[in-house]
file query_21.pdb (PDB, C-alpha atoms)
ATOM      1  CA  MET A   1       0.000   0.000   0.000
ATOM      2  CA  SER A   2       1.252   3.477  -0.823
ATOM      3  CA  GLY A   3       0.128   6.952   0.235
ATOM      4  CA  SER A   4      -0.645   8.851   3.418
ATOM      5  CA  LEU A   5      -3.777   6.853   4.336
ATOM      6  CA  ARG A   6      -3.850   3.181   5.230
ATOM      7  CA  TYR A   7      -6.690   0.679   4.932
ATOM      8  CA  ASP A   8      -6.794  -2.833   6.363
ATOM      9  CA  VAL A   9      -8.930  -5.641   4.949
ATOM     10  CA  VAL A  10     -11.624  -6.910   7.341
ATOM     11  CA  GLU A  11     -11.796 -10.615   6.648
ATOM     12  CA  GLY A  12     -15.024 -12.483   7.396
ATOM     13  CA  TRP A  13     -17.167  -9.361   7.649
ATOM     14  CA  GLU A  14     -20.022 -10.489   5.394
ATOM     15  CA  GLN A  15     -22.358 -13.028   7.030
ATOM     16  CA  LEU A  16     -23.758 -14.459   3.798
ATOM     17  CA  PRO A  17     -26.778 -16.668   4.589
ATOM     18  CA  LYS A  18     -26.574 -20.402   4.049
ATOM     19  CA  ASP A  19     -27.355 -21.395   0.445
ATOM     20  CA  TYR A  20     -26.847 -17.798  -0.748
ATOM     21  CA  VAL A  21     -24.211 -17.396  -3.469
ATOM     22  CA  HIS A  22     -22.941 -14.366  -5.331
ATOM     23  CA  ARG A  23     -20.335 -15.139  -7.957
ATOM     24  CA  ASP A  24     -20.479 -11.469  -8.997
ATOM     25  CA  VAL A  25     -21.264  -8.461  -6.821
ATOM     26  CA  ALA A  26     -21.810  -5.718  -9.368
ATOM     27  CA  GLY A  27     -22.197  -2.806  -6.957
ATOM     28  CA  VAL A  28     -22.457  -1.701  -3.354
ATOM     29  CA  ALA A  29     -23.980   1.314  -1.588
ATOM     30  CA  VAL A  30     -24.347   2.525   1.995
ATOM     31  CA  ASP A  31     -27.346   4.370   3.452
ATOM     32  CA  GLY A  32     -27.536   7.025   6.167
ATOM     33  CA  GLU A  33     -27.620   4.366   8.908
ATOM     34  CA  ASP A  34     -24.537   2.593   7.489
ATOM     35  CA  ARG A  35     -26.610  -0.291   6.186
ATOM     36  CA  VAL A  36     -24.815  -1.914   3.257
ATOM     37  CA  TYR A  37     -26.660  -2.793   0.024
ATOM     38  CA  LEU A  38     -25.123  -5.229  -2.456
ATOM     39  CA  ILE A  39     -26.466  -5.645  -5.974
ATOM     40  CA  CYS A  40     -25.550  -9.107  -7.228
ATOM     41  CA  ARG A  41     -25.788 -11.270 -10.313
ATOM     42  CA  GLY A  42     -27.615 -14.271  -8.948
ATOM     43  CA  ASP A  43     -30.801 -15.545  -7.344
ATOM     44  CA  HIS A  44     -30.857 -12.785  -4.701
ATOM     45  CA  PRO A  45     -30.155  -9.531  -6.548
ATOM     46  CA  VAL A  46     -30.143  -7.100  -3.597
ATOM     47  CA  ILE A  47     -28.688  -8.179  -0.251
ATOM     48  CA  VAL A  48     -28.773  -5.869   2.772
ATOM     49  CA  TYR A  49     -26.487  -5.972   5.836
ATOM     50  CA  ASP A  50     -26.034  -3.895   8.939
ATOM     51  CA  ARG A  51     -22.667  -2.249   9.594
ATOM     52  CA  LYS A  52     -21.401  -5.341  11.438
ATOM     53  CA  GLY A  53     -22.103  -7.603   8.483
ATOM     54  CA  ASN A  54     -25.274  -9.181   9.843
ATOM     55  CA  PHE A  55     -27.760 -10.153   7.125
ATOM     56  CA  LEU A  56     -30.977  -8.106   7.230
ATOM     57  CA  ARG A  57     -32.913  -9.040   4.085
ATOM     58  CA  SER A  58     -32.766  -9.620   0.357
ATOM     59  CA  TRP A  59     -35.106  -8.539  -2.405
ATOM     60  CA  GLY A  60     -35.463  -8.175  -6.148
ATOM     61  CA  GLU A  61     -35.866 -11.861  -6.924
ATOM     62  CA  GLY A  62     -37.264 -12.087 -10.457
ATOM     63  CA  GLU A  63     -36.995  -8.313 -10.998
ATOM     64  CA  PHE A  64     -33.576  -8.140 -12.639
ATOM     65  CA  THR A  65     -31.608  -9.701 -15.482
ATOM     66  CA  TYR A  66     -28.264 -11.384 -14.869
ATOM     67  CA  ARG A  67     -26.626  -8.091 -15.829
ATOM     68  CA  THR A  68     -27.289  -6.003 -12.741
ATOM     69  CA  HIS A  69     -24.678  -3.274 -12.720
ATOM     70  CA  GLY A  70     -24.879  -0.448 -10.168
ATOM     71  CA  ILE A  71     -26.636   0.654  -6.989
ATOM     72  CA  THR A  72     -26.943   4.066  -5.311
ATOM     73  CA  VAL A  73     -28.750   5.225  -2.167
ATOM     74  CA  ALA A  74     -30.488   8.588  -2.520
ATOM     75  CA  PRO A  75     -30.462  11.138   0.325
ATOM     76  CA  ASN A  76     -34.080  10.182   1.099
ATOM     77  CA  GLY A  77     -33.081   6.536   1.552
ATOM     78  CA  THR A  78     -34.555   5.194  -1.673
ATOM     79  CA  ILE A  79     -32.459   2.828  -3.767
ATOM     80  CA  PHE A  80     -31.551   3.314  -7.433
ATOM     81  CA  CYS A  81     -30.455   0.218  -9.380
ATOM     82  CA  THR A  82     -29.041   0.038 -12.890
ATOM     83  CA  ASP A  83     -29.645  -3.060 -14.984
ATOM     84  CA  ASP A  84     -27.683  -2.974 -18.210
ATOM     85  CA  GLY A  85     -29.382  -6.186 -19.336
ATOM     86  CA  ASN A  86     -32.847  -4.608 -19.587
ATOM     87  CA  HIS A  87     -31.717  -1.019 -20.289
ATOM     88  CA  THR A  88     -33.328   0.602 -17.257
ATOM     89  CA  VAL A  89     -32.544   2.488 -14.087
ATOM     90  CA  ARG A  90     -35.143   1.903 -11.385
ATOM     91  CA  GLN A  91     -35.877   3.460  -8.009
ATOM     92  CA  PHE A  92     -37.072   1.277  -5.112
ATOM     93  CA  THR A  93     -37.952   1.652  -1.459
ATOM     94  CA  PRO A  94     -35.347   0.180   0.923
ATOM     95  CA  GLU A  95     -37.563  -2.922   1.108
ATOM     96  CA  GLY A  96     -37.727  -3.347  -2.680
ATOM     97  CA  LYS A  97     -41.008  -1.730  -3.774
ATOM     98  CA  LEU A  98     -40.688  -0.203  -7.258
ATOM     99  CA  LEU A  99     -41.206   3.584  -7.346
ATOM    100  CA  LEU A 100     -39.848   4.844 -10.674
ATOM    101  CA  THR A 101     -38.454   3.477 -13.933
ATOM    102  CA  LEU A 102     -36.121   5.433 -16.210
ATOM    103  CA  GLY A 103     -35.752   4.032 -19.716
ATOM    104  CA  THR A 104     -37.958   1.590 -21.585
ATOM    105  CA  LEU A 105     -37.786  -1.987 -20.386
ATOM    106  CA  ASN A 106     -35.880  -4.262 -22.783
ATOM    107  CA  THR A 107     -35.679  -1.517 -25.423
ATOM    108  CA  PRO A 108     -32.155  -0.193 -26.123
ATOM    109  CA  SER A 109     -31.627   3.138 -27.839
ATOM    110  CA  ASP A 110     -30.230   3.021 -31.365
ATOM    111  CA  THR A 111     -26.475   3.650 -31.331
ATOM    112  CA  GLY A 112     -25.369   1.065 -33.881
ATOM    113  CA  TYR A 113     -23.948  -1.073 -31.076
ATOM    114  CA  ASP A 114     -23.724  -4.773 -31.982
ATOM    115  CA  GLY A 115     -24.501  -5.956 -28.450
ATOM    116  CA  LYS A 116     -20.958  -7.089 -27.669
ATOM    117  CA  ASP A 117     -18.221  -4.652 -28.685
ATOM    118  CA  TYR A 118     -18.395  -1.030 -27.525
ATOM    119  CA  MET A 119     -16.147  -0.094 -30.470
ATOM    120  CA  THR A 120     -19.133  -0.740 -32.759
ATOM    121  CA  ILE A 121     -21.033   2.234 -31.303
ATOM    122  CA  LYS A 122     -21.535   4.563 -34.262
ATOM    123  CA  ARG A 123     -23.443   7.441 -32.712
ATOM    124  CA  ALA A 124     -24.704   8.843 -29.439
ATOM    125  CA  ALA A 125     -28.355   8.325 -28.607
ATOM    126  CA  GLY A 126     -30.886   8.885 -25.838
ATOM    127  CA  PRO A 127     -31.486   6.772 -22.731
ATOM    128  CA  PHE A 128     -30.497   3.910 -22.564
ATOM    129  CA  ASN A 129     -28.298   1.280 -24.140
ATOM    130  CA  ARG A 130     -26.842  -0.801 -21.312
ATOM    131  CA  PRO A 131     -26.608   1.893 -18.599
ATOM    132  CA  THR A 132     -23.931   1.440 -15.970
ATOM    133  CA  ASN A 133     -24.373   3.682 -12.902
ATOM    134  CA  ILE A 134     -26.301   6.594 -11.422
ATOM    135  CA  ALA A 135     -25.321   9.490  -9.162
ATOM    136  CA  ILE A 136     -27.442  12.150  -7.469
ATOM    137  CA  GLY A 137     -26.533  15.827  -7.432
ATOM    138  CA  PRO A 138     -26.867  18.197  -4.471
ATOM    139  CA  LYS A 139     -30.114  19.595  -5.919
ATOM    140  CA  GLY A 140     -31.583  16.134  -6.502
ATOM    141  CA  ASP A 141     -30.836  15.826 -10.211
ATOM    142  CA  LEU A 142     -30.074  12.307 -11.439
ATOM    143  CA  TYR A 143     -27.001  11.631 -13.573
ATOM    144  CA  VAL A 144     -26.732   8.304 -15.420
ATOM    145  CA  SER A 145     -23.643   6.937 -17.163
ATOM    146  CA  ASP A 146     -24.907   5.090 -20.237
ATOM    147  CA  GLY A 147     -21.901   3.042 -21.101
ATOM    148  CA  TYR A 148     -21.643  -0.357 -22.681
ATOM    149  CA  GLY A 149     -23.924   0.346 -25.647
ATOM    150  CA  ASN A 150     -23.879   4.140 -25.614
ATOM    151  CA  CYS A 151     -21.325   6.887 -24.922
ATOM    152  CA  ARG A 152     -23.354   9.423 -22.975
ATOM    153  CA  VAL A 153     -24.249  10.921 -19.646
ATOM    154  CA  HIS A 154     -27.934  11.755 -19.145
ATOM    155  CA  GLN A 155     -29.176  14.317 -16.641
ATOM    156  CA  PHE A 156     -32.703  13.953 -15.261
ATOM    157  CA  SER A 157     -34.763  16.088 -12.922
ATOM    158  CA  PRO A 158     -35.518  14.640  -9.460
ATOM    159  CA  ALA A 159     -38.888  13.527 -10.854
ATOM    160  CA  GLY A 160     -37.267  11.687 -13.766
ATOM    161  CA  ALA A 161     -37.688  14.142 -16.667
ATOM    162  CA  LEU A 162     -34.744  14.157 -19.095
ATOM    163  CA  LYS A 163     -33.010  17.549 -18.999
ATOM    164  CA  ARG A 164     -29.945  17.036 -21.184
ATOM    165  CA  SER A 165     -27.419  14.497 -22.431
ATOM    166  CA  TRP A 166     -23.787  14.806 -23.446
ATOM    167  CA  GLY A 167     -21.031  12.659 -24.919
ATOM    168  CA  SER A 168     -20.041  10.927 -28.155
ATOM    169  CA  PRO A 169     -17.587   8.142 -29.075
ATOM    170  CA  GLY A 170     -13.934   9.136 -28.828
ATOM    171  CA  ARG A 171     -11.060  10.299 -26.652
ATOM    172  CA  GLY A 172     -11.491  14.062 -26.846
ATOM    173  CA  PRO A 173     -12.896  16.267 -24.069
ATOM    174  CA  GLY A 174     -16.465  15.203 -23.384
ATOM    175  CA  GLU A 175     -16.119  12.030 -25.441
ATOM    176  CA  PHE A 176     -16.173   8.527 -23.971
ATOM    177  CA  TYR A 177     -15.016   4.994 -24.491
ATOM    178  CA  LEU A 178     -17.295   3.343 -21.954
ATOM    179  CA  PRO A 179     -18.565   5.797 -19.317
ATOM    180  CA  HIS A 180     -18.699   3.213 -16.538
ATOM    181  CA  GLY A 181     -18.930   4.967 -13.166
ATOM    182  CA  ILE A 182     -20.264   8.342 -12.118
ATOM    183  CA  ALA A 183     -20.305  10.508  -8.994
ATOM    184  CA  VAL A 184     -21.270  14.072  -8.110
ATOM    185  CA  ALA A 185     -19.127  16.145  -5.745
ATOM    186  CA  SER A 186     -20.672  18.351  -3.081
ATOM    187  CA  ASP A 187     -20.149  21.403  -5.329
ATOM    188  CA  GLY A 188     -22.176  19.779  -8.126
ATOM    189  CA  ARG A 189     -19.305  18.801 -10.432
ATOM    190  CA  VAL A 190     -19.896  15.510 -12.233
ATOM    191  CA  PHE A 191     -17.055  12.948 -12.320
ATOM    192  CA  VAL A 192     -17.254  10.232 -14.981
ATOM    193  CA  CYS A 193     -15.046   7.136 -15.140
ATOM    194  CA  ASP A 194     -14.133   6.884 -18.840
ATOM    195  CA  ARG A 195     -13.006   3.305 -18.327
ATOM    196  CA  GLU A 196     -11.307   2.257 -21.537
ATOM    197  CA  SER A 197      -9.440   5.576 -21.851
ATOM    198  CA  ASP A 198      -7.889   5.389 -18.355
ATOM    199  CA  ARG A 199      -9.248   8.708 -17.190
ATOM    200  CA  ILE A 200     -11.871  10.413 -15.057
ATOM    201  CA  GLN A 201     -13.500  13.361 -16.797
ATOM    202  CA  ILE A 202     -14.929  16.236 -14.757
ATOM    203  CA  PHE A 203     -17.914  18.314 -15.854
ATOM    204  CA  SER A 204     -20.019  21.191 -14.580
ATOM    205  CA  PRO A 205     -23.519  20.299 -13.319
ATOM    206  CA  ASP A 206     -24.806  21.118 -16.826
ATOM    207  CA  GLY A 207     -22.280  18.971 -18.688
ATOM    208  CA  GLU A 208     -19.555  21.472 -19.582
ATOM    209  CA  TYR A 209     -16.154  19.796 -19.732
ATOM    210  CA  LEU A 210     -13.835  21.197 -17.051
ATOM    211  CA  SER A 211     -10.813  18.929 -16.669
ATOM    212  CA  GLU A 212      -9.748  15.319 -16.180
ATOM    213  CA  TRP A 213      -7.650  13.054 -13.989
ATOM    214  CA  SER A 214      -5.297  10.746 -15.879
ATOM    215  CA  ASP A 215      -3.488   9.072 -12.957
ATOM    216  CA  THR A 216      -5.945   6.206 -13.031
ATOM    217  CA  GLN A 217      -6.135   2.789 -14.654
ATOM    218  CA  ARG A 218      -9.342   1.519 -16.240
ATOM    219  CA  PRO A 219     -11.547   3.201 -13.591
ATOM    220  CA  THR A 220     -14.836   1.404 -12.969
ATOM    221  CA  HIS A 221     -16.520   3.512 -10.279
ATOM    222  CA  LEU A 222     -15.984   6.485  -7.990
ATOM    223  CA  VAL A 223     -17.507   7.712  -4.725
ATOM    224  CA  PHE A 224     -16.820  10.626  -2.386
ATOM    225  CA  ASP A 225     -16.647  10.650   1.392
ATOM    226  CA  ALA A 226     -17.799  13.490   3.638
ATOM    227  CA  GLN A 227     -14.317  15.051   3.525
ATOM    228  CA  GLY A 228     -14.385  15.236  -0.280
ATOM    229  CA  ARG A 229     -11.912  12.434  -0.887
ATOM    230  CA  ALA A 230     -12.557  10.366  -4.007
ATOM    231  CA  TYR A 231     -12.343   6.560  -3.923
ATOM    232  CA  VAL A 232     -11.863   4.768  -7.253
ATOM    233  CA  THR A 233     -11.925   1.095  -8.256
ATOM    234  CA  GLU A 234      -9.494   0.287 -11.071
ATOM    235  CA  LEU A 235      -9.697  -2.850 -13.182
ATOM    236  CA  TRP A 236      -6.924  -5.094 -14.493
ATOM    237  CA  TRP A 237      -5.372  -4.612 -17.870
ATOM    238  CA  HIS A 238      -4.465  -8.121 -18.987
ATOM    239  CA  GLU A 239      -1.931  -8.997 -21.651
ATOM    240  CA  GLY A 240      -3.672  -8.872 -25.022
ATOM    241  CA  ASP A 241      -6.140  -6.136 -23.994
ATOM    242  CA  THR A 242      -6.134  -2.779 -25.762
ATOM    243  CA  SER A 243      -6.339   0.464 -23.821
ATOM    244  CA  ARG A 244      -7.555   3.537 -25.694
ATOM    245  CA  SER A 245      -4.793   5.539 -23.969
ATOM    246  CA  LEU A 246      -1.954   3.001 -23.598
ATOM    247  CA  GLY A 247      -2.484   0.941 -26.732
ATOM    248  CA  PRO A 248      -1.961  -2.847 -26.767
ATOM    249  CA  ILE A 249      -1.190  -4.236 -23.312
ATOM    250  CA  ARG A 250       1.967  -6.375 -23.386
ATOM    251  CA  LYS A 251       2.401  -6.813 -19.633
ATOM    252  CA  ALA A 252      -0.482  -7.182 -17.194
ATOM    253  CA  LEU A 253      -1.287  -4.242 -14.919
ATOM    254  CA  HIS A 254      -3.013  -5.458 -11.767
ATOM    255  CA  ALA A 255      -6.252  -4.140 -10.332
ATOM    256  CA  ARG A 256      -6.226  -1.689  -7.450
ATOM    257  CA  VAL A 257      -8.177   0.847  -5.407
ATOM    258  CA  SER A 258      -7.018   4.459  -5.192
ATOM    259  CA  VAL A 259      -8.005   7.337  -2.932
ATOM    260  CA  PHE A 260      -7.549  10.890  -4.226
ATOM    261  CA  ASP A 261      -7.859  14.288  -2.609
ATOM    262  CA  ALA A 262     -10.122  16.941  -4.124
ATOM    263  CA  ASN A 263      -7.385  17.983  -6.555
ATOM    264  CA  GLY A 264      -6.621  14.500  -7.839
ATOM    265  CA  LYS A 265      -3.554  13.774  -5.705
ATOM    266  CA  VAL A 266      -3.194  10.128  -4.675
ATOM    267  CA  LEU A 267      -3.611   9.655  -0.912
ATOM    268  CA  ALA A 268      -3.659   5.839  -0.902
ATOM    269  CA  ARG A 269      -3.378   3.047  -3.463
ATOM    270  CA  TRP A 270      -3.361  -0.706  -2.984
ATOM    271  CA  GLY A 271      -3.686  -4.057  -4.734
ATOM    272  CA  THR A 272      -1.155  -6.672  -5.868
ATOM    273  CA  PRO A 273      -0.718  -9.095  -8.791
ATOM    274  CA  GLU A 274      -2.026 -11.829  -6.457
ATOM    275  CA  ALA A 275      -5.695 -11.385  -7.336
ATOM    276  CA  THR A 276      -6.949 -13.935  -4.798
ATOM    277  CA  ALA A 277      -5.044 -12.533  -1.814
ATOM    278  CA  PRO A 278      -7.092 -10.762   0.861
ATOM    279  CA  GLY A 279      -6.882  -7.050   0.152
ATOM    280  CA  SER A 280      -6.064  -7.553  -3.529
ATOM    281  CA  PHE A 281      -8.569  -7.654  -6.364
ATOM    282  CA  ALA A 282      -9.685  -9.902  -9.207
ATOM    283  CA  ALA A 283     -12.297  -7.571 -10.700
ATOM    284  CA  PRO A 284     -13.101  -4.437  -8.644
ATOM    285  CA  HIS A 285     -16.298  -2.982 -10.066
ATOM    286  CA  GLY A 286     -18.058  -0.856  -7.431
ATOM    287  CA  LEU A 287     -17.426   0.661  -4.031
ATOM    288  CA  ALA A 288     -19.029   2.572  -1.187
ATOM    289  CA  VAL A 289     -17.793   4.402   1.895
ATOM    290  CA  ASP A 290     -19.618   4.654   5.226
ATOM    291  CA  SER A 291     -19.739   7.324   7.934
ATOM    292  CA  LYS A 292     -16.574   5.937   9.555
ATOM    293  CA  CYS A 293     -14.727   6.110   6.211
ATOM    294  CA  ASP A 294     -14.661   2.321   6.046
ATOM    295  CA  LEU A 295     -14.711   1.079   2.471
ATOM    296  CA  TYR A 296     -16.694  -1.682   0.739
ATOM    297  CA  VAL A 297     -15.515  -3.037  -2.633
ATOM    298  CA  SER A 298     -17.607  -5.223  -4.934
ATOM    299  CA  GLU A 299     -16.110  -7.438  -7.634
ATOM    300  CA  VAL A 300     -17.495  -9.083 -10.775
ATOM    301  CA  THR A 301     -15.150 -11.988 -10.190
ATOM    302  CA  TRP A 302     -17.006 -14.611 -12.205
ATOM    303  CA  THR A 303     -17.631 -12.462 -15.280
ATOM    304  CA  PHE A 304     -14.165 -10.944 -15.499
ATOM    305  CA  ALA A 305     -11.855 -13.512 -13.906
ATOM    306  CA  VAL A 306     -13.198 -16.998 -13.107
ATOM    307  CA  SER A 307     -15.004 -17.534 -16.429
ATOM    308  CA  ARG A 308     -11.806 -16.529 -18.258
ATOM    309  CA  GLY A 309      -9.459 -18.755 -16.277
ATOM    310  CA  ARG A 310      -7.903 -15.862 -14.380
ATOM    311  CA  ALA A 311      -9.005 -16.834 -10.863
ATOM    312  CA  PRO A 312     -10.368 -19.901  -9.032
ATOM    313  CA  ALA A 313     -14.090 -20.236  -8.387
ATOM    314  CA  ASP A 314     -13.676 -19.537  -4.658
ATOM    315  CA  CYS A 315     -12.031 -16.136  -5.182
ATOM    316  CA  HIS A 316     -13.565 -13.266  -3.190
ATOM    317  CA  THR A 317     -16.325 -11.169  -4.735
ATOM    318  CA  PHE A 318     -16.771  -8.626  -1.931
ATOM    319  CA  GLN A 319     -14.379  -7.102   0.635
ATOM    320  CA  LYS A 320     -14.521  -4.549   3.441
ATOM    321  CA  PHE A 321     -11.610  -2.302   4.419
ATOM    322  CA  SER A 322     -11.248  -0.255   7.576
ATOM    323  CA  LEU A 323      -9.397   3.036   7.803
ATOM    324  CA  ALA A 324      -6.392   2.437  10.059
ATOM    325  CA  ALA A 325      -5.938   4.734  13.030
TER     326      ALA A 325
END

call {"tool": "encode", "arguments": {"input": "query_21.pdb", "output": "structure tokens"}}
result
Amino acid sequence: MSGSLRYDVVEGWEQLPKDYVHRDVAGVAVDGEDRVYLICRGDHPVIVYDRKGNFLRSWGEGEFTYRTHGITVAPNGTIFCTDDGNHTVRQFTPEGKLLLTLGTLNTPSDTGYDGKDYMTIKRAAGPFNRPTNIAIGPKGDLYVSDGYGNCRVHQFSPAGALKRSWGSPGRGPGEFYLPHGIAVASDGRVFVCDRESDRIQIFSPDGEYLSEWSDTQRPTHLVFDAQGRAYVTELWWHEGDTSRSLGPIRKALHARVSVFDANGKVLARWGTPEATAPGSFAAPHGLAVDSKCDLYVSEVTWTFAVSRGRAPADCHTFQKFSLAA
């Protein structure tokens, strides 16, 4: 681990119920009472724990495709879930009652995307084609990264009316190669993880390009803590991959988590080439931070690692880290 902050892995935190399995945990979020919400690819899509890791409930059975992707807790305690398999973002009560649907169920927007390769996206389009994550601004506006089959960010009113969209395929300012994670700072700036271009782009609340952070590797998601620090999950580059910024990858670059200050300076960074080791990562995909600045990291281990022969089937899919004193 490098940097001025130190985090220790908390092994055995999650008390997963008997007969429950999650080969992939696509996302994680924490509410105002430090309850922890996991969104999983499996029979129990949303799993809820208390801060000590005790199981509280699960919900969403039959409501989601296998391609659940992100989860966010709104200031009012409601839960937003992205499902890139059915092209929607939906709002639920904490107990799983559906309140609002953004997008049209099972109807992707027309971007020219072939359903598999994001490089086939020919044009930007409206909501949604495999949306990835959602963030909520200080005035209640909803910001959705529309990534795998589109190249846009969509801004909605708190009631769900589309206000504007921005983005197009490419590597220029305001362009994206897979907008994968999204967060809104306390001042309203919108941070977008442009995953395949190894950067985080920063926009005004209305979508004006401001700047970007480039000291990041394949960023998948980003969250802020109460002090304004930014936590980022960063995926592996494996040999044979092609980065839009680095070109063909000839030597693997291992996954990691980084913590930045408000200006983009690295405060902590950890992860090793040993993907299965506690505290290292096979496929970090989402993260959340609680009121104590403890960190929760979700991993799509089956999709990205196990199914491709990169990790054993018993590799971790979810880890908690505590901020060391």

call {"tool": "closest_atom_pairs", "arguments": {"input": "query_21.pdb", "of": "region 115-144 of chain A", "to": "region 81-90 of chain A", "cutoff": "8 Å", "atoms": "all atoms listed in the file", "output": "Markdown table"}}
result
| residue | atom | partner | partner_atom | distance |
| --- | --- | --- | --- | --- |
| A:Phe128 | CA | A:His87 | CA | 5.6 |
| A:Asn129 | CA | A:His87 | CA | 5.6 |
| A:Arg130 | CA | A:Asp84 | CA | 3.9 |
| A:Pro131 | CA | A:Asp84 | CA | 5.0 |
| A:Thr132 | CA | A:Thr82 | CA | 6.1 |
| A:Asn133 | CA | A:Thr82 | CA | 5.9 |
| A:Ile134 | CA | A:Thr82 | CA | 7.3 |

call {"tool": "closest_atom_pairs", "arguments": {"input": "query_21.pdb", "of": "region 221-241 of chain A", "to": "region 167-182 of chain A", "cutoff": "10 Å", "atoms": "all atoms listed in the file", "output": "Markdown table"}}
result
| residue | atom | partner | partner_atom | distance |
| --- | --- | --- | --- | --- |
| A:His221 | CA | A:Gly181 | CA | 4.0 |
| A:Leu222 | CA | A:Gly181 | CA | 6.1 |
| A:Val223 | CA | A:Ile182 | CA | 7.9 |
| A:Val232 | CA | A:Gly181 | CA | 9.2 |
| A:Thr233 | CA | A:Gly181 | CA | 9.4 |

call {"tool": "atom_distance", "arguments": {"input": "query_21.pdb", "atom1": "CA of Glu299 (chain A)", "atom2": "CA of Ala283 (chain A)"}}
result
4.9 Å

call {"tool": "resolve_selection", "arguments": {"input": "query_21.pdb", "expression": "the PyMOL selection byres ((chain A and resi 51-61) around 6)", "output": "MDAnalysis selection string"}}
result
chainID A and resid 13:15 34:35 44:50 62:63 96

call {"tool": "write_last_selection", "arguments": {"input": "query_21.pdb", "atoms": "C-alpha atoms", "output": "JSON list (two decimals), in the frame of the given file"}}
result
[["chain", "number", "residue", "atom", "x", "y", "z"],
["A", 13, "TRP", "CA", -17.17, -9.36, 7.65],
["A", 14, "GLU", "CA", -20.02, -10.49, 5.39],
["A", 15, "GLN", "CA", -22.36, -13.03, 7.03],
["A", 34, "ASP", "CA", -24.54, 2.59, 7.49],
["A", 35, "ARG", "CA", -26.61, -0.29, 6.19],
["A", 44, "HIS", "CA", -30.86, -12.78, -4.70],
["A", 45, "PRO", "CA", -30.16, -9.53, -6.55],
["A", 46, "VAL", "CA", -30.14, -7.10, -3.60],
["A", 47, "ILE", "CA", -28.69, -8.18, -0.25],
["A", 48, "VAL", "CA", -28.77, -5.87, 2.77],
["A", 49, "TYR", "CA", -26.49, -5.97, 5.84],
["A", 50, "ASP", "CA", -26.03, -3.90, 8.94],
["A", 62, "GLY", "CA", -37.26, -12.09, -10.46],
["A", 63, "GLU", "CA", -36.99, -8.31, -11.00],
["A", 96, "GLY", "CA", -37.73, -3.35, -2.68]]

call {"tool": "atom_distance", "arguments": {"input": "query_21.pdb", "atom1": "CA of Lys18 (chain A)", "atom2": "CA of Gly286 (chain A)"}}
result
24.2 Å

call {"tool": "resolve_selection", "arguments": {"input": "query_21.pdb", "expression": "the PyMOL selection byres ((chain A and resi 319) around 6)", "output": "list in words"}}
result
Tyr296, Val297, Phe318 and Lys320 of chain A

call {"tool": "write_last_selection", "arguments": {"input": "query_21.pdb", "atoms": "C-alpha atoms", "output": "mmCIF file, keeping the file's coordinate frame"}}
result
data_model
loop_
_atom_site.group_PDB
_atom_site.id
_atom_site.type_symbol
_atom_site.label_atom_id
_atom_site.label_comp_id
_atom_site.auth_asym_id
_atom_site.auth_seq_id
_atom_site.Cartn_x
_atom_site.Cartn_y
_atom_site.Cartn_z
ATOM 1 C CA TYR A 296 -16.694 -1.682 0.739
ATOM 2 C CA VAL A 297 -15.515 -3.037 -2.633
ATOM 3 C CA PHE A 318 -16.771 -8.626 -1.931
ATOM 4 C CA LYS A 320 -14.521 -4.549 3.441
#

call {"tool": "residues_around", "arguments": {"input": "query_21.pdb", "residues": "Leu210 (chain A)", "least_positions_apart": "2", "cutoff": "10 Å", "atoms": "all atoms listed in the file", "output": "mmCIF file with C-alpha atoms, in the coordinates of the input"}}
result
data_model
loop_
_atom_site.group_PDB
_atom_site.id
_atom_site.type_symbol
_atom_site.label_atom_id
_atom_site.label_comp_id
_atom_site.auth_asym_id
_atom_site.auth_seq_id
_atom_site.Cartn_x
_atom_site.Cartn_y
_atom_site.Cartn_z
ATOM 1 C CA PRO A 173 -12.896 16.267 -24.069
ATOM 2 C CA GLY A 174 -16.465 15.203 -23.384
ATOM 3 C CA ARG A 189 -19.305 18.801 -10.432
ATOM 4 C CA VAL A 190 -19.896 15.510 -12.233
ATOM 5 C CA GLN A 201 -13.500 13.361 -16.797
ATOM 6 C CA ILE A 202 -14.929 16.236 -14.757
ATOM 7 C CA PHE A 203 -17.914 18.314 -15.854
ATOM 8 C CA SER A 204 -20.019 21.191 -14.580
ATOM 9 C CA GLY A 207 -22.280 18.971 -18.688
ATOM 10 C CA GLU A 208 -19.555 21.472 -19.582
ATOM 11 C CA GLU A 212 -9.748 15.319 -16.180
#
